[in-house]
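J.: Provided herewith: start34.pdb, PDB, C-alpha atoms, pLDDT in the B column.
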```pdb
ATOM      1  CA  MET G 272      97.572 250.569  53.218  1.00 78.00           C
ATOM      2  CA  ASP G 273     100.249 251.895  55.522  1.00 85.00           C
ATOM      3  CA  LEU G 274     100.133 254.590  58.216  1.00 88.00           C
ATOM      4  CA  LYS G 275     101.841 257.165  55.982  1.00 90.00           C
ATOM      5  CA  THR G 276      99.140 256.734  53.321  1.00 88.00           C
ATOM      6  CA  LEU G 277      96.367 256.947  55.910  1.00 84.00           C
ATOM      7  CA  LYS G 278      97.804 260.169  57.324  1.00 85.00           C
ATOM      8  CA  ALA G 279      97.985 261.667  53.835  1.00 87.00           C
ATOM      9  CA  ILE G 280      94.274 261.152  53.207  1.00 87.00           C
ATOM     10  CA  ASN G 281      92.311 264.376  53.142  1.00 86.00           C
ATOM     11  CA  PRO G 282      88.665 263.578  53.974  1.00 86.00           C
ATOM     12  CA  SER G 283      87.468 266.943  52.662  1.00 88.00           C
ATOM     13  CA  GLU G 284      88.522 265.895  49.152  1.00 86.00           C
ATOM     14  CA  TYR G 285      86.042 263.030  49.338  1.00 88.00           C
ATOM     15  CA  ALA G 286      83.328 265.324  50.670  1.00 90.00           C
ATOM     16  CA  ASP G 287      84.012 267.746  47.808  1.00 89.00           C
ATOM     17  CA  ALA G 288      83.821 264.902  45.302  1.00 89.00           C
ATOM     18  CA  ALA G 289      80.534 263.709  46.817  1.00 90.00           C
ATOM     19  CA  ASP G 290      79.127 267.239  46.623  1.00 91.00           C
ATOM     20  CA  GLY G 291      80.128 267.454  42.968  1.00 89.00           C
ATOM     21  CA  TYR G 292      78.531 264.103  42.209  1.00 84.00           C
ATOM     22  CA  ARG G 293      75.337 265.165  43.976  1.00 86.00           C
ATOM     23  CA  THR G 294      75.253 268.406  41.975  1.00 88.00           C
ATOM     24  CA  MET G 295      75.604 266.497  38.695  1.00 83.00           C
ATOM     25  CA  SER G 296      72.968 263.999  39.751  1.00 80.00           C
ATOM     26  CA  ASP G 297      70.518 266.766  40.615  1.00 82.00           C
ATOM     27  CA  ALA G 298      71.272 268.519  37.323  1.00 81.00           C
ATOM     28  CA  ALA G 299      70.496 265.332  35.372  1.00 76.00           C
ATOM     29  CA  GLY G 300      67.229 264.809  37.215  1.00 81.00           C
ATOM     30  CA  ALA G 301      65.521 267.849  35.722  1.00 82.00           C
ATOM     31  CA  PRO G 302      66.050 266.900  32.060  1.00 84.00           C
ATOM     32  CA  ARG G 303      65.115 263.300  32.793  1.00 85.00           C
ATOM     33  CA  ASP G 304      61.859 264.431  34.390  1.00 86.00           C
ATOM     34  CA  ARG G 305      61.188 266.681  31.401  1.00 88.00           C
ATOM     35  CA  VAL G 306      61.656 263.770  29.008  1.00 87.00           C
ATOM     36  CA  ASP G 307      59.578 261.390  31.130  1.00 86.00           C
ATOM     37  CA  LYS G 308      56.753 263.697  32.167  1.00 87.00           C
ATOM     38  CA  HIS G 309      56.407 266.258  29.407  1.00 89.00           C
ATOM     39  CA  ILE G 310      58.007 265.332  26.101  1.00 90.00           C
ATOM     40  CA  THR G 311      56.991 261.667  26.105  1.00 89.00           C
ATOM     41  CA  LYS G 312      53.450 262.555  27.161  1.00 89.00           C
ATOM     42  CA  ALA G 313      53.149 265.176  24.414  1.00 90.00           C
ATOM     43  CA  MET G 314      54.514 262.722  21.839  1.00 86.00           C
ATOM     44  CA  ARG G 315      51.918 260.110  22.810  1.00 86.00           C
ATOM     45  CA  GLN G 316      49.085 262.621  22.570  1.00 86.00           C
ATOM     46  CA  ALA G 317      50.146 264.184  19.261  1.00 88.00           C
ATOM     47  CA  ASN G 318      51.472 261.263  17.248  1.00 86.00           C
ATOM     48  CA  GLU G 319      50.712 257.679  16.324  1.00 88.00           C
ATOM     49  CA  GLY G 320      52.003 254.995  14.042  1.00 93.00           C
ATOM     50  CA  GLU G 321      55.409 253.454  13.468  1.00 93.00           C
ATOM     51  CA  ALA G 322      57.345 256.728  13.482  1.00 90.00           C
ATOM     52  CA  ALA G 323      55.775 257.755  16.795  1.00 90.00           C
ATOM     53  CA  THR G 324      56.505 254.338  18.282  1.00 92.00           C
ATOM     54  CA  ALA G 325      60.130 254.572  17.160  1.00 93.00           C
ATOM     55  CA  ALA G 326      60.456 258.104  18.550  1.00 91.00           C
ATOM     56  CA  LEU G 327      59.004 257.041  21.903  1.00 92.00           C
ATOM     57  CA  LYS G 328      61.410 254.125  22.030  1.00 94.00           C
ATOM     58  CA  LYS G 329      64.324 256.527  21.526  1.00 92.00           C
ATOM     59  CA  LEU G 330      62.985 258.878  24.211  1.00 91.00           C
ATOM     60  CA  ASN G 331      62.762 255.954  26.630  1.00 90.00           C
ATOM     61  CA  GLU G 332      66.362 255.026  25.836  1.00 91.00           C
ATOM     62  CA  LEU G 333      67.410 258.631  26.432  1.00 89.00           C
ATOM     63  CA  SER G 334      65.624 258.653  29.768  1.00 87.00           C
ATOM     64  CA  ARG G 335      67.298 255.408  30.846  1.00 86.00           C
ATOM     65  CA  ASN G 336      70.697 256.815  29.895  1.00 84.00           C
ATOM     66  CA  PHE G 337      70.318 259.577  32.479  1.00 79.00           C
ATOM     67  CA  HIS G 338      71.088 256.921  35.102  1.00 72.00           C
ATOM     68  CA  TYR G 339      74.760 257.384  34.202  1.00 69.00           C
ATOM     69  CA  THR G 340      74.639 260.773  35.893  1.00 67.00           C
ATOM     70  CA  ASP G 341      71.808 260.161  38.287  1.00 59.00           C
TER      71      ASP G 341
END
```
Step by step, read the file and then write its structure as structure tokens.
T.:
Amino acid sequence: MDLKTLKAINPSEYADAADGYRTMSDAAGAPRDRVDKHITKAMRQANEGEAATAALKKLNELSRNFHYTD
């Protein structure tokens, strides 16, 4: 990297990007918590058998996929 490139860097752009990332991460946390703490719990209490097991597996996969935004 040369001096011209370094002088052209605008640190506030990186701060803005970090703020945007943090906002998205926080926004993904709420649905993930809902899946983990409420929906999955309700599914376990209300259902049983192969279909319930398959549904819970899919909910767990959904929860893990929130890491892409978390």
J.: Just to confirm, what's the straight-line distance from atom CA of Asp307 of chain G to atom CA of Glu319 of chain G in Å (one decimal)?
T.: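 Value for the atom CA of Asp307 of chain G-atom CA of Glu319 of chain G distance: 17.7 Å.
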J.: Between atom CA of Thr324 of chain G and atom CA of Ala299 of chain G, what distance in Å does the model show, to one decimal?
T.: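 Calculated distance between atom CA of Thr324 of chain G and atom CA of Ala299 of chain G is 24.7 Å.
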J.: One decimal, Å: what's the distance from atom CA of Asp297 of chain G over to atom CA of Phe337 of chain G, could you say?
T.: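 Interatomic distance here is 10.9 Å.
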J.: Could you check which of G:Ile310, G:Arg303, G:Ala323, G:Arg315 is closest to Arg335 of chain G, using all atoms listed in the file?
T.: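 Nearest to Arg335 of chain G: G:Arg303.
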J.: As lines of an AutoDock Vina configuration file, please: the centre and edge lengths in Å, to one decimal, of an axis-aligned box enclosing every listed atom of segment 304-315 of chain G with 8 Å added on each side.
T.:
```
center_x = 56.9
center_y = 263.4
center_z = 28.1
size_x = 25.9
size_y = 22.6
size_z = 28.6
```
J.: So that I can check the surroundings of Lys312 of chain G, please list as a PyMOL selection string every protein, DNA and RNA residue that reaches within 10 Å of it, counting only C-alpha atoms and ignoring chain neighbours fewer than 6 positions away.
T.: chain G and resi 305-306+327
